[in-house]
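One structure below.
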Amino acid sequence: MEQPKIERVLRLMKMMTGNTNYTVDEMAERLGISYRSVYRYIDTFKDAGFVVQRKDGGIYKLGKDSRYFKEISQLIHFTDEEAYIVNQLIEGLDNTNMLKQNLRKKLTAVYNCTSLAESVVEGKNAVNVNRIIEAIDNRHQVILKNYASSHTGVIRDRLVEPFGFTTNYVQIWCYEPESGLNKLFNTSRVCGVEVLDSEWQYADSHHEGYIDIFRITGFEQKRVQLELGVMSHNLLIEEYPLSTRDIKPIDDRRWLLDTMVCNYVGIGRFVMGLLGDIRILTPEFKSYICEVVNNVQNNL
C-alpha cells in the first residue's frame with residue numbers, strides 16, 4: 001500500500017475508534033477523498049475482521065469486539081501532526097528492517113495516554129490533563145474549576161463533556177451542555193478538574209473542529225494558495241511538518257502551497273515574516289495581509 005493510502009487508513013481508523021462521531025461524508029471531507037473511497041476502506045476493514053457498526057445519524061464506528069481491535073485511545077494519544085511524523089519516519093525504513101516491525105509493536109503495546117501526557121506537560125497541568133484523560137476514557141462529565149475565559153474575562157466553574165485534545169494537550173475539545181456548543185478550553189486556564197460520576201449525556205453532539213497545518217483550530221475552513229521560494233518552503237516544512245501534505249513543486253526553486261486554514265491568523269503570522277519570499281495567490285487572503293500591513297504602518 002502506498003504511503004499516502006497508509007496515512008489515510010490510519011486517520012480513518014482514528015476517526016472510527018475515537019470518542020467523536022463522524023458520518024461518511026464528514027470523514028471523506030477530513031481525509032480529502034470521496035465518500036465512495038471511504039466506503040471502500042470500510043469494506044477493507046470488514047474483510048480484515050473488524051466489526052463495523054452503523055449508528056443513528058449515519059455514524060460509522062469500529063466495534064470494540066472486532067478481531068485484532070485495540071482501543072487506540074487507551075494505548076497512545078497522537079494528534080494528526082504527530083501521527084503523520086511518526087508514520088513518515090517508520091515508513092522510511094526498509095520493509096525488511098526488523099527495527100521497523102519492532103517500532104510498530106512498541107507503539108501499539110507500550111505507550112499510554114497518561115505516560116505521554118506526563119512527558120509534555122508538568123505540574124498542575126499534568127494532573128488536570130490526566131484527570132481529563134480518565135474522564136474521556138470512561139465517558140464521564142467533568143467540572144473545569146475556576147476556568148478563566150479570555151473572551152468574557154469571567155472566572156467560573158464549567159460543566160463539560162471532554163472528548164479530545166489538540167497538539168500536546170494545549171486545549172481540550174469539550175461539549176458544554178449550558179451553551180449547547182462544542183468548545184475548546186485551554187488547559188493552562190483550568191485551576192482544577194473534578195471528574196463526576198455522571199456519564200456523557202450528549203455524545204451524539206460531540207464534534208471536533210478542524211486543526212490546520214499552522215495548529216489553529218476552528219469549525220470552518222478557508223482555502224489559501226501561496227507560491228513559496230526556497231527560504232519560505234524550507235522554514236514551513238521545518239516549523240509545520242504537516243504542511244508537506246499540501247505542498248507541490250512548481251520548479252527547482254518554487255513550490256505551491258494549497259491548503260485549508262481555520263482562519264488567517266496562523267498563516268498570516270508566517271507570511272508576514274517572509275513577504276519577500278512568498279507570492280500570495282488567494283485574493284481574499286491578500287486583502288487580509290494588505291489590511292494588516294496598513295494597520296502596522298498607521299501604528300508606527
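Labels used: A, B, ... for chains in the order of the C-alpha cells, numbers from 1 for residues in each chain, and numbers from 1 for ligands as shown.
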**Message:** I want to know what sits within 9 Å of Ile250 (chain A), based on only C-alpha atoms, with residues of the same chain fewer than 5 positions away left out; could you give that as JSON, numbers by chain?
**Reply:** {"A": [227, 255, 256]}
**Request:** Quick one: everything within 12 Å of Glu208 (chain A), counting only C-alpha atoms, minus sequence neighbours fewer than 2 positions away in the same chain. Send it as a PyMOL selection string.
**Result:** chain A and resi 15+18-22+26-27+30+162-166+171-175+181-184+203-206+210-211+217-220
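Between CA of Arg215 (chain A) and CA of Arg156 (chain A) lies a distance of 27.1 Å.
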**Request:** Kindly give the distance, in Å, that separates CA of Lys5 (chain A) and CA of Asp43 (chain A), rounded to a single decimal.
**Result:**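 Between CA of Lys5 (chain A) and CA of Asp43 (chain A) the gap is 14.8 Å.
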**Message:** Just want the 8 Å neighbourhood of Phe214 (chain A), counted on only C-alpha atoms, with same-chain residues fewer than 6 positions away dropped. Output as a list in words.
**Reply:**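 Selected residues are Tyr240, Val261, Gly266 and Ile267 of chain A.
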**Request:** Write out as a list of chain:residue names each polymer residue whose atoms come within 8 Å of Leu159 (chain A), counting only C-alpha atoms; drop sequence neighbours fewer than 2 positions from it.
**Result:** A:Gln141, A:Val142, A:Ile143, A:Leu144, A:Asp157, A:Glu161, A:Glu176, A:Pro177, A:Glu178
May I have the selected residues written with C-alpha atoms, as an mmCIF file, in the first residue's frame?
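Resulting contents of again02.cif:
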data_model
loop_
_atom_site.group_PDB
_atom_site.id
_atom_site.type_symbol
_atom_site.label_atom_id
_atom_site.label_comp_id
_atom_site.auth_asym_id
_atom_site.auth_seq_id
_atom_site.Cartn_x
_atom_site.Cartn_y
_atom_site.Cartn_z
ATOM 1 C CA GLN A 141 -18.610 14.594 32.600
ATOM 2 C CA VAL A 142 -16.190 16.915 34.418
ATOM 3 C CA ILE A 143 -16.170 20.318 36.051
ATOM 4 C CA LEU A 144 -13.349 22.605 34.971
ATOM 5 C CA ASP A 157 -16.669 26.577 37.009
ATOM 6 C CA GLU A 161 -18.092 16.625 28.439
ATOM 7 C CA GLU A 176 -20.761 22.338 27.034
ATOM 8 C CA PRO A 177 -24.402 21.485 27.921
ATOM 9 C CA GLU A 178 -25.088 25.020 29.184
#
